[in-house]
file run.cif (mmCIF, C-alpha atoms, pLDDT in the B column; chains and numbers go by the auth columns)
data_run
loop_
_atom_site.group_PDB
_atom_site.id
_atom_site.type_symbol
_atom_site.label_atom_id
_atom_site.label_comp_id
_atom_site.label_asym_id
_atom_site.label_seq_id
_atom_site.Cartn_x
_atom_site.Cartn_y
_atom_site.Cartn_z
_atom_site.B_iso_or_equiv
_atom_site.auth_seq_id
_atom_site.auth_asym_id
ATOM 1 C CA LYS A 1 14.180 -42.156 -28.938 44.00 1 A
ATOM 2 C CA LYS A 2 15.134 -40.473 -25.731 48.00 2 A
ATOM 3 C CA GLY A 3 11.541 -40.230 -24.476 51.00 3 A
ATOM 4 C CA ILE A 4 10.533 -38.136 -21.447 51.00 4 A
ATOM 5 C CA VAL A 5 13.174 -36.125 -19.623 53.00 5 A
ATOM 6 C CA ILE A 6 12.251 -34.925 -16.144 53.00 6 A
ATOM 7 C CA HIS A 7 14.237 -32.127 -14.537 53.00 7 A
ATOM 8 C CA ASP A 8 14.199 -32.545 -10.741 52.00 8 A
ATOM 9 C CA ILE A 9 15.330 -29.179 -9.386 52.00 9 A
ATOM 10 C CA SER A 10 15.007 -30.388 -5.796 54.00 10 A
ATOM 11 C CA GLN A 11 17.757 -32.962 -6.425 53.00 11 A
ATOM 12 C CA SER A 12 19.842 -30.917 -8.884 50.00 12 A
ATOM 13 C CA PHE A 13 19.925 -33.511 -11.669 49.00 13 A
ATOM 14 C CA VAL A 14 18.004 -34.638 -14.725 50.00 14 A
ATOM 15 C CA VAL A 15 16.066 -37.841 -14.076 52.00 15 A
ATOM 16 C CA GLY A 16 17.071 -40.473 -16.634 51.00 16 A
ATOM 17 C CA GLU A 17 20.630 -39.230 -17.048 49.00 17 A
ATOM 18 C CA ARG A 18 22.084 -40.687 -13.864 49.00 18 A
ATOM 19 C CA ASP A 19 22.768 -44.064 -15.479 52.00 19 A
ATOM 20 C CA GLY A 20 23.462 -42.605 -18.912 52.00 20 A
ATOM 21 C CA SER A 21 20.534 -44.435 -20.494 55.00 21 A
ATOM 22 C CA GLY A 22 18.392 -41.368 -20.922 54.00 22 A
ATOM 23 C CA ARG A 23 15.361 -43.413 -19.851 59.00 23 A
ATOM 24 C CA VAL A 24 13.025 -42.584 -16.979 58.00 24 A
ATOM 25 C CA SER A 25 12.087 -45.500 -14.730 64.00 25 A
ATOM 26 C CA ASP A 26 8.797 -45.953 -12.945 68.00 26 A
ATOM 27 C CA GLY A 27 10.637 -45.387 -9.661 70.00 27 A
ATOM 28 C CA ASP A 28 11.869 -42.004 -10.855 67.00 28 A
ATOM 29 C CA VAL A 29 8.351 -40.957 -11.769 69.00 29 A
ATOM 30 C CA TYR A 30 6.853 -42.165 -8.478 72.00 30 A
ATOM 31 C CA ARG A 31 9.588 -40.428 -6.503 74.00 31 A
ATOM 32 C CA LEU A 32 8.984 -37.169 -8.333 72.00 32 A
ATOM 33 C CA ILE A 33 5.215 -37.415 -7.859 78.00 33 A
ATOM 34 C CA GLY A 34 5.787 -38.025 -4.146 78.00 34 A
ATOM 35 C CA ALA A 35 8.017 -34.945 -3.902 76.00 35 A
ATOM 36 C CA MET A 36 5.400 -32.830 -5.694 79.00 36 A
ATOM 37 C CA GLN A 37 2.676 -34.096 -3.393 80.00 37 A
ATOM 38 C CA THR A 38 4.765 -33.313 -0.308 81.00 38 A
ATOM 39 C CA ALA A 39 5.437 -29.789 -1.601 81.00 39 A
ATOM 40 C CA ASN A 40 1.715 -29.284 -2.255 82.00 40 A
ATOM 41 C CA ILE A 41 0.817 -30.435 1.265 83.00 41 A
ATOM 42 C CA GLU A 42 3.354 -28.003 2.762 83.00 42 A
ATOM 43 C CA SER A 43 1.971 -25.199 0.610 84.00 43 A
ATOM 44 C CA VAL A 44 -1.572 -25.893 1.828 83.00 44 A
ATOM 45 C CA LYS A 45 -0.389 -25.973 5.456 82.00 45 A
ATOM 46 C CA LYS A 46 1.387 -22.644 4.997 84.00 46 A
ATOM 47 C CA SER A 47 -1.701 -21.114 3.403 83.00 47 A
ATOM 48 C CA ASN A 48 -3.918 -22.338 6.249 83.00 48 A
ATOM 49 C CA ARG A 49 -1.529 -20.962 8.881 83.00 49 A
ATOM 50 C CA SER A 50 -1.550 -17.610 7.122 80.00 50 A
ATOM 51 C CA LYS A 51 -5.359 -17.564 6.977 82.00 51 A
ATOM 52 C CA ARG A 52 -5.615 -18.409 10.694 85.00 52 A
ATOM 53 C CA TYR A 53 -3.171 -15.643 11.563 79.00 53 A
ATOM 54 C CA LEU A 54 -5.010 -13.050 9.452 80.00 54 A
ATOM 55 C CA LYS A 55 -8.358 -14.077 10.942 84.00 55 A
ATOM 56 C CA LYS A 56 -7.018 -13.749 14.484 87.00 56 A
ATOM 57 C CA ARG A 57 -5.317 -10.442 13.654 83.00 57 A
ATOM 58 C CA ASN A 58 -8.478 -8.996 12.117 84.00 58 A
ATOM 59 C CA GLU A 59 -10.499 -10.046 15.169 86.00 59 A
ATOM 60 C CA LEU A 60 -8.042 -8.224 17.441 86.00 60 A
ATOM 61 C CA ILE A 61 -8.154 -5.126 15.236 87.00 61 A
ATOM 62 C CA ALA A 62 -11.959 -5.113 15.066 85.00 62 A
ATOM 63 C CA SER A 63 -12.192 -5.451 18.861 85.00 63 A
ATOM 64 C CA GLY A 64 -9.751 -2.596 19.402 85.00 64 A
ATOM 65 C CA LYS A 65 -7.171 -4.786 21.129 88.00 65 A
ATOM 66 C CA MET A 66 -4.631 -4.334 18.339 89.00 66 A
ATOM 67 C CA LYS A 67 -3.984 -0.697 17.514 89.00 67 A
ATOM 68 C CA CYS A 68 -0.902 -1.102 15.346 88.00 68 A
ATOM 69 C CA LEU A 69 -0.235 -3.591 12.558 85.00 69 A
ATOM 70 C CA PRO A 70 3.094 -5.418 12.958 81.00 70 A
ATOM 71 C CA GLY A 71 5.514 -4.319 10.240 81.00 71 A
ATOM 72 C CA GLN A 72 3.043 -1.896 8.688 82.00 72 A
ATOM 73 C CA ARG A 73 4.194 1.004 6.557 88.00 73 A
ATOM 74 C CA LEU A 74 2.735 4.101 8.157 92.00 74 A
ATOM 75 C CA PRO A 75 1.153 6.977 6.259 93.00 75 A
ATOM 76 C CA LYS A 76 3.857 9.572 5.645 92.00 76 A
ATOM 77 C CA TRP A 77 2.453 12.054 8.179 95.00 77 A
ATOM 78 C CA TYR A 78 3.157 9.679 11.081 95.00 78 A
ATOM 79 C CA SER A 79 6.651 9.054 12.453 94.00 79 A
ATOM 80 C CA HIS A 80 5.879 6.036 14.681 93.00 80 A
ATOM 81 C CA PHE A 81 3.417 4.339 17.018 94.00 81 A
ATOM 82 C CA ASP A 82 3.856 5.074 20.728 94.00 82 A
ATOM 83 C CA GLU A 83 3.403 1.865 22.719 92.00 83 A
ATOM 84 C CA ASP A 84 2.910 3.772 25.986 93.00 84 A
ATOM 85 C CA THR A 85 0.119 6.075 24.822 93.00 85 A
ATOM 86 C CA GLN A 86 -1.181 3.601 22.221 92.00 86 A
ATOM 87 C CA GLU A 87 -1.356 6.436 19.708 95.00 87 A
ATOM 88 C CA TYR A 88 0.368 7.373 16.478 95.00 88 A
ATOM 89 C CA VAL A 89 2.857 10.223 16.651 96.00 89 A
ATOM 90 C CA PHE A 90 2.897 12.852 13.925 97.00 90 A
ATOM 91 C CA ASP A 91 5.940 13.695 11.884 95.00 91 A
ATOM 92 C CA GLU A 92 5.437 17.418 12.421 95.00 92 A
ATOM 93 C CA TRP A 93 6.710 18.583 9.046 94.00 93 A
ATOM 94 C CA GLU A 94 5.027 15.867 6.967 94.00 94 A
ATOM 95 C CA ALA A 95 1.789 16.389 8.884 96.00 95 A
ATOM 96 C CA SER A 96 1.847 20.158 8.329 97.00 96 A
ATOM 97 C CA LEU A 97 2.756 19.703 4.647 96.00 97 A
ATOM 98 C CA THR A 98 -0.101 17.247 4.068 97.00 98 A
ATOM 99 C CA ARG A 99 -2.553 19.539 5.890 97.00 99 A
ATOM 100 C CA TRP A 100 -1.347 22.393 3.670 97.00 100 A
ATOM 101 C CA ILE A 101 -2.148 20.307 0.577 97.00 101 A
ATOM 102 C CA ILE A 102 -5.550 19.283 1.935 97.00 102 A
ATOM 103 C CA ASP A 103 -6.412 22.893 2.812 97.00 103 A
ATOM 104 C CA LYS A 104 -5.491 24.141 -0.685 96.00 104 A
ATOM 105 C CA VAL A 105 -7.554 21.471 -2.454 96.00 105 A
ATOM 106 C CA ALA A 106 -10.489 21.851 -0.052 95.00 106 A
ATOM 107 C CA ASN A 107 -10.588 25.568 -0.837 94.00 107 A
ATOM 108 C CA GLY A 108 -10.739 25.063 -4.579 93.00 108 A
ATOM 109 C CA MET A 109 -7.134 25.073 -5.810 94.00 109 A
ATOM 110 C CA SER A 110 -6.572 22.580 -8.626 94.00 110 A
ATOM 111 C CA MET A 111 -4.163 19.715 -8.142 94.00 111 A
ATOM 112 C CA PHE A 112 -2.050 21.067 -11.001 95.00 112 A
ATOM 113 C CA HIS A 113 -1.634 24.429 -9.271 96.00 113 A
ATOM 114 C CA VAL A 114 -0.996 22.788 -5.899 96.00 114 A
ATOM 115 C CA SER A 115 1.807 20.656 -7.344 95.00 115 A
ATOM 116 C CA ARG A 116 3.249 23.651 -9.208 95.00 116 A
ATOM 117 C CA GLU A 117 3.329 25.797 -6.063 96.00 117 A
ATOM 118 C CA LEU A 118 4.945 22.974 -4.089 94.00 118 A
ATOM 119 C CA ASN A 119 7.652 22.588 -6.740 93.00 119 A
ATOM 120 C CA GLU A 120 8.241 26.343 -6.815 93.00 120 A
ATOM 121 C CA ARG A 121 8.709 26.308 -3.042 93.00 121 A
ATOM 122 C CA GLY A 122 10.867 23.200 -3.385 90.00 122 A
ATOM 123 C CA ALA A 123 13.208 25.018 -5.739 88.00 123 A
ATOM 124 C CA LYS A 124 14.093 27.260 -2.799 90.00 124 A
ATOM 125 C CA ASP A 125 13.845 24.648 -0.050 90.00 125 A
ATOM 126 C CA PRO A 126 13.943 20.878 -0.866 86.00 126 A
ATOM 127 C CA LYS A 127 11.829 19.985 2.164 88.00 127 A
ATOM 128 C CA TRP A 128 8.777 21.149 0.180 92.00 128 A
ATOM 129 C CA LEU A 129 9.384 18.489 -2.435 88.00 129 A
ATOM 130 C CA TYR A 130 7.884 15.024 -2.308 83.00 130 A
ATOM 131 C CA LYS A 131 9.884 12.865 0.089 69.00 131 A
ATOM 132 C CA LYS A 132 10.316 9.177 -0.663 59.00 132 A
ATOM 133 C CA VAL A 133 12.047 6.707 1.626 48.00 133 A
ATOM 134 C CA ILE A 134 14.640 4.589 -0.200 47.00 134 A
ATOM 135 C CA PRO A 135 14.128 0.922 0.813 48.00 135 A
ATOM 136 C CA SER A 136 17.119 -0.652 -0.934 50.00 136 A
ATOM 137 C CA GLN A 137 20.195 -1.532 1.113 50.00 137 A
ATOM 138 C CA GLN A 138 22.608 0.025 -1.383 52.00 138 A
ATOM 139 C CA ASP A 139 20.926 3.400 -0.921 49.00 139 A
ATOM 140 C CA ALA A 140 20.503 3.080 2.838 49.00 140 A
ATOM 141 C CA ASP A 141 23.255 5.607 3.458 53.00 141 A
ATOM 142 C CA LYS A 142 21.268 8.221 1.509 52.00 142 A
ATOM 143 C CA GLU A 143 18.242 7.666 3.771 52.00 143 A
ATOM 144 C CA LEU A 144 15.970 9.976 1.764 52.00 144 A
ATOM 145 C CA GLU A 145 15.573 11.318 -1.722 63.00 145 A
ATOM 146 C CA TYR A 146 13.420 14.165 -2.931 67.00 146 A
ATOM 147 C CA ARG A 147 11.478 14.462 -6.153 78.00 147 A
ATOM 148 C CA GLY A 148 9.024 16.919 -7.671 85.00 148 A
ATOM 149 C CA TRP A 149 5.292 16.844 -7.088 92.00 149 A
ATOM 150 C CA ARG A 150 2.801 15.812 -9.766 92.00 150 A
ATOM 151 C CA PRO A 151 -0.985 16.279 -9.827 94.00 151 A
ATOM 152 C CA ILE A 152 -1.461 12.483 -9.685 94.00 152 A
ATOM 153 C CA THR A 153 0.488 12.411 -6.401 93.00 153 A
ATOM 154 C CA ILE A 154 -1.735 15.127 -4.948 95.00 154 A
ATOM 155 C CA HIS A 155 -4.806 13.168 -6.063 95.00 155 A
ATOM 156 C CA LYS A 156 -3.473 9.980 -4.465 94.00 156 A
ATOM 157 C CA ILE A 157 -2.873 11.677 -1.119 95.00 157 A
ATOM 158 C CA CYS A 158 -6.297 13.343 -1.143 96.00 158 A
ATOM 159 C CA SER A 159 -7.902 9.943 -1.788 94.00 159 A
ATOM 160 C CA MET A 160 -6.350 8.230 1.235 95.00 160 A
ATOM 161 C CA LYS A 161 -8.946 7.329 3.846 95.00 161 A
ATOM 162 C CA GLN A 162 -6.141 7.036 6.395 95.00 162 A
ATOM 163 C CA LEU A 163 -6.304 10.839 6.492 97.00 163 A
ATOM 164 C CA TYR A 164 -9.321 10.650 8.792 96.00 164 A
ATOM 165 C CA GLY A 165 -8.174 7.458 10.525 95.00 165 A
ATOM 166 C CA GLU A 166 -9.828 4.665 8.550 95.00 166 A
ATOM 167 C CA LEU A 167 -8.089 1.342 7.989 92.00 167 A
ATOM 168 C CA SER A 168 -9.145 -0.964 5.137 88.00 168 A
ATOM 169 C CA LEU A 169 -7.869 -4.530 4.979 83.00 169 A
ATOM 170 C CA LYS A 170 -8.204 -7.352 2.487 76.00 170 A
ATOM 171 C CA GLY A 171 -11.359 -9.322 3.057 71.00 171 A
ATOM 172 C CA GLY A 172 -13.542 -6.234 3.465 79.00 172 A
ATOM 173 C CA LEU A 173 -12.646 -5.326 7.058 84.00 173 A
ATOM 174 C CA ILE A 174 -12.974 -1.566 7.602 90.00 174 A
ATOM 175 C CA VAL A 175 -12.003 -0.016 10.919 90.00 175 A
ATOM 176 C CA GLU A 176 -12.791 3.624 11.540 88.00 176 A
ATOM 177 C CA ASP A 177 -10.637 5.640 13.954 90.00 177 A
ATOM 178 C CA PHE A 178 -7.801 3.122 13.686 93.00 178 A
ATOM 179 C CA TYR A 179 -5.185 5.805 13.059 94.00 179 A
ATOM 180 C CA ASN A 180 -5.492 7.879 16.194 94.00 180 A
ATOM 181 C CA PRO A 181 -5.187 10.813 16.225 96.00 181 A
ATOM 182 C CA PRO A 182 -6.357 11.337 12.633 97.00 182 A
ATOM 183 C CA LEU A 183 -4.731 14.011 10.509 97.00 183 A
ATOM 184 C CA ILE A 184 -8.035 15.599 9.440 97.00 184 A
ATOM 185 C CA SER A 185 -11.732 15.135 10.142 96.00 185 A
ATOM 186 C CA LYS A 186 -13.994 13.010 7.975 95.00 186 A
ATOM 187 C CA SER A 187 -16.012 16.097 7.061 96.00 187 A
ATOM 188 C CA THR A 188 -12.850 17.789 5.743 96.00 188 A
ATOM 189 C CA TYR A 189 -12.046 14.659 3.732 97.00 189 A
ATOM 190 C CA LYS A 190 -15.525 14.730 2.169 96.00 190 A
ATOM 191 C CA LYS A 191 -15.066 18.416 1.311 96.00 191 A
ATOM 192 C CA VAL A 192 -11.772 17.621 -0.432 96.00 192 A
ATOM 193 C CA ARG A 193 -13.307 14.732 -2.357 95.00 193 A
ATOM 194 C CA HIS A 194 -16.222 16.931 -3.402 94.00 194 A
ATOM 195 C CA GLN A 195 -13.851 19.549 -4.794 94.00 195 A
ATOM 196 C CA ILE A 196 -11.934 16.882 -6.737 92.00 196 A
ATOM 197 C CA GLU A 197 -15.123 15.332 -8.115 91.00 197 A
ATOM 198 C CA GLN A 198 -16.396 18.728 -9.219 89.00 198 A
ATOM 199 C CA ARG A 199 -13.155 19.433 -11.060 83.00 199 A
ATOM 200 C CA THR A 200 -12.726 15.997 -12.621 76.00 200 A
ATOM 201 C CA GLY A 201 -16.416 15.337 -13.305 68.00 201 A
ATOM 202 C CA THR A 202 -16.393 12.023 -11.420 55.00 202 A
ATOM 203 C CA SER A 203 -19.208 12.745 -8.992 47.00 203 A
ATOM 204 C CA LYS A 204 -22.386 10.691 -9.372 48.00 204 A
ATOM 205 C CA ALA A 205 -24.413 13.845 -9.787 42.00 205 A
ATOM 206 C CA THR A 206 -22.386 15.005 -12.788 41.00 206 A
ATOM 207 C CA ARG A 207 -21.798 11.658 -14.457 44.00 207 A
ATOM 208 C CA HIS A 208 -23.624 11.294 -17.765 44.00 208 A
ATOM 209 C CA ASN A 209 -24.640 8.015 -19.318 48.00 209 A
ATOM 210 C CA SER A 210 -23.642 7.294 -22.878 44.00 210 A
ATOM 211 C CA ILE A 211 -26.450 7.057 -25.434 43.00 211 A
ATOM 212 C CA PHE A 212 -25.004 3.647 -26.276 41.00 212 A
ATOM 213 C CA SER A 213 -24.921 2.410 -22.651 39.00 213 A
ATOM 214 C CA HIS A 214 -28.103 0.314 -23.008 39.00 214 A
ATOM 215 C CA ILE A 215 -27.282 -1.205 -26.386 39.00 215 A
#
call {"tool": "encode", "arguments": {"input": "run.cif", "output": "structure tokens"}}
result
Amino acid sequence: KKGIVIHDISQSFVVGERDGSGRVSDGDVYRLIGAMQTANIESVKKSNRSKRYLKKRNELIASGKMKCLPGQRLPKWYSHFDEDTQEYVFDEWEASLTRWIIDKVANGMSMFHVSRELNERGAKDPKWLYKKVIPSQQDADKELEYRGWRPITIHKICSMKQLYGELSLKGGLIVEDFYNPPLISKSTYKKVRHQIEQRTGTSKATRHNSIFSHI
């Protein structure tokens, strides 16, 4: 019987086939275990370095010393972070478009009707359509593509706490007024959320318990 065959991808061969016997020696096994242990140690070191970096970064953010996350993808209504003023700079059109959406929802227009009106305007002028940056290299020459709005997209935008400047990071760190200046006030955000909850029936006040909930 051939027995155990060990594939060592780090050495690009099948252990036990080098001498044609098809058998695995104790040395082969020990060598493979050693390689696995070394890889595990390196993985733990990498994980620890990452944790130390994130801890230090979060401390700087919480203290206000770091106002921009390295390599972060900005909310679509910002164009960039100004190192001189230490503030985010609005993309004027995207900011005005997002405010237009927020204003419509805050004043009672449904997300379906908001998306429909945006698409109707987009039929005449593509800048009203939803803009998505193409990340792939093969489409880099296109730079941007446009697509129609959907109610779920409107809901997603209206749910973003970055609208009033809040930053939420993994681990539970929440930093208010991180995105400065904010696009809208927190009170406006709450008004928008209230309108959405009233329409979708997700507010705590309107949520009904099932008669089977305690069974």
call {"tool": "residues_around", "arguments": {"input": "run.cif", "residues": "Leu74 of chain A", "least_positions_apart": "5", "cutoff": "10 Å", "atoms": "all atoms listed in the file", "output": "PDB file with C-alpha atoms, in the coordinates of the input"}}
result
ATOM      1  CA  CYS A  68      -0.902  -1.102  15.346  1.00 88.00           C
ATOM      2  CA  LEU A  69      -0.235  -3.591  12.558  1.00 85.00           C
ATOM      3  CA  SER A  79       6.651   9.054  12.453  1.00 94.00           C
ATOM      4  CA  HIS A  80       5.879   6.036  14.681  1.00 93.00           C
ATOM      5  CA  PHE A  81       3.417   4.339  17.018  1.00 94.00           C
ATOM      6  CA  TYR A  88       0.368   7.373  16.478  1.00 95.00           C
ATOM      7  CA  GLN A 162      -6.141   7.036   6.395  1.00 95.00           C
ATOM      8  CA  TYR A 179      -5.185   5.805  13.059  1.00 94.00           C
TER       9      TYR A 179
END
call {"tool": "closest_residue", "arguments": {"input": "run.cif", "among": "A:Tyr30, A:Lys76, A:Ala39, A:Leu173", "to": "Ser96 of chain A", "atoms": "only C-alpha atoms"}}
result
A:Lys76
call {"tool": "residues_around", "arguments": {"input": "run.cif", "residues": "Glu87 of chain A", "least_positions_apart": "4", "cutoff": "8 Å", "atoms": "all atoms listed in the file", "output": "VMD selection string"}}
result
chain A and resid 67 81 to 83 179 to 181
call {"tool": "closest_residue", "arguments": {"input": "run.cif", "among": "A:Leu183, A:Ala123, A:Val114, A:Val175", "to": "Thr153 of chain A", "atoms": "only C-alpha atoms"}}
result
A:Val114
call {"tool": "atom_distance", "arguments": {"input": "run.cif", "atom1": "atom CA of Leu118 of chain A", "atom2": "atom CA of Ala95 of chain A"}}
result
14.9 Å
call {"tool": "closest_residue", "arguments": {"input": "run.cif", "among": "A:Asn58, A:Gln37, A:Ser110, A:Ser50", "to": "Gly171 of chain A", "atoms": "all atoms listed in the file"}}
result
A:Asn58
call {"tool": "atom_distance", "arguments": {"input": "run.cif", "atom1": "atom CA of Leu163 of chain A", "atom2": "atom CA of Arg57 of chain A"}}
result
22.5 Å
call {"tool": "atom_distance", "arguments": {"input": "run.cif", "atom1": "atom CA of Tyr130 of chain A", "atom2": "atom CA of Gly148 of chain A"}}
result
5.8 Å
call {"tool": "build_atoms", "arguments": {"input": "run.cif", "residues": "segment 97-110 of chain A", "atoms": "N, CA and C atoms", "output": "tab-separated table (two decimals), in the frame of the given file"}}
result
chain	number	residue	atom	x	y	z
A	97	LEU	N	2.73	19.64	6.11
A	97	LEU	CA	2.76	19.70	4.65
A	97	LEU	C	1.50	19.08	4.05
A	98	THR	N	1.10	17.92	4.58
A	98	THR	CA	-0.10	17.25	4.07
A	98	THR	C	-1.35	18.06	4.37
A	99	ARG	N	-1.41	18.67	5.56
A	99	ARG	CA	-2.55	19.54	5.89
A	99	ARG	C	-2.59	20.74	4.95
A	100	TRP	N	-1.42	21.26	4.59
A	100	TRP	CA	-1.35	22.39	3.67
A	100	TRP	C	-1.95	22.01	2.32
A	101	ILE	N	-1.61	20.81	1.84
A	101	ILE	CA	-2.15	20.31	0.58
A	101	ILE	C	-3.67	20.14	0.66
A	102	ILE	N	-4.12	19.52	1.75
A	102	ILE	CA	-5.55	19.28	1.94
A	102	ILE	C	-6.31	20.60	1.98
A	103	ASP	N	-5.76	21.60	2.68
A	103	ASP	CA	-6.41	22.89	2.81
A	103	ASP	C	-6.54	23.58	1.44
A	104	LYS	N	-5.47	23.51	0.63
A	104	LYS	CA	-5.49	24.14	-0.68
A	104	LYS	C	-6.54	23.50	-1.59
A	105	VAL	N	-6.59	22.18	-1.60
A	105	VAL	CA	-7.55	21.47	-2.45
A	105	VAL	C	-8.98	21.69	-1.95
A	106	ALA	N	-9.16	21.66	-0.63
A	106	ALA	CA	-10.49	21.85	-0.05
A	106	ALA	C	-11.06	23.23	-0.37
A	107	ASN	N	-10.16	24.21	-0.56
A	107	ASN	CA	-10.59	25.57	-0.84
A	107	ASN	C	-10.57	25.91	-2.33
A	108	GLY	N	-10.51	24.87	-3.16
A	108	GLY	CA	-10.74	25.06	-4.58
A	108	GLY	C	-9.53	25.13	-5.48
A	109	MET	N	-8.31	25.03	-4.94
A	109	MET	CA	-7.13	25.07	-5.81
A	109	MET	C	-7.00	23.76	-6.56
A	110	SER	N	-6.71	23.80	-7.83
A	110	SER	CA	-6.57	22.58	-8.63
A	110	SER	C	-5.31	21.82	-8.22
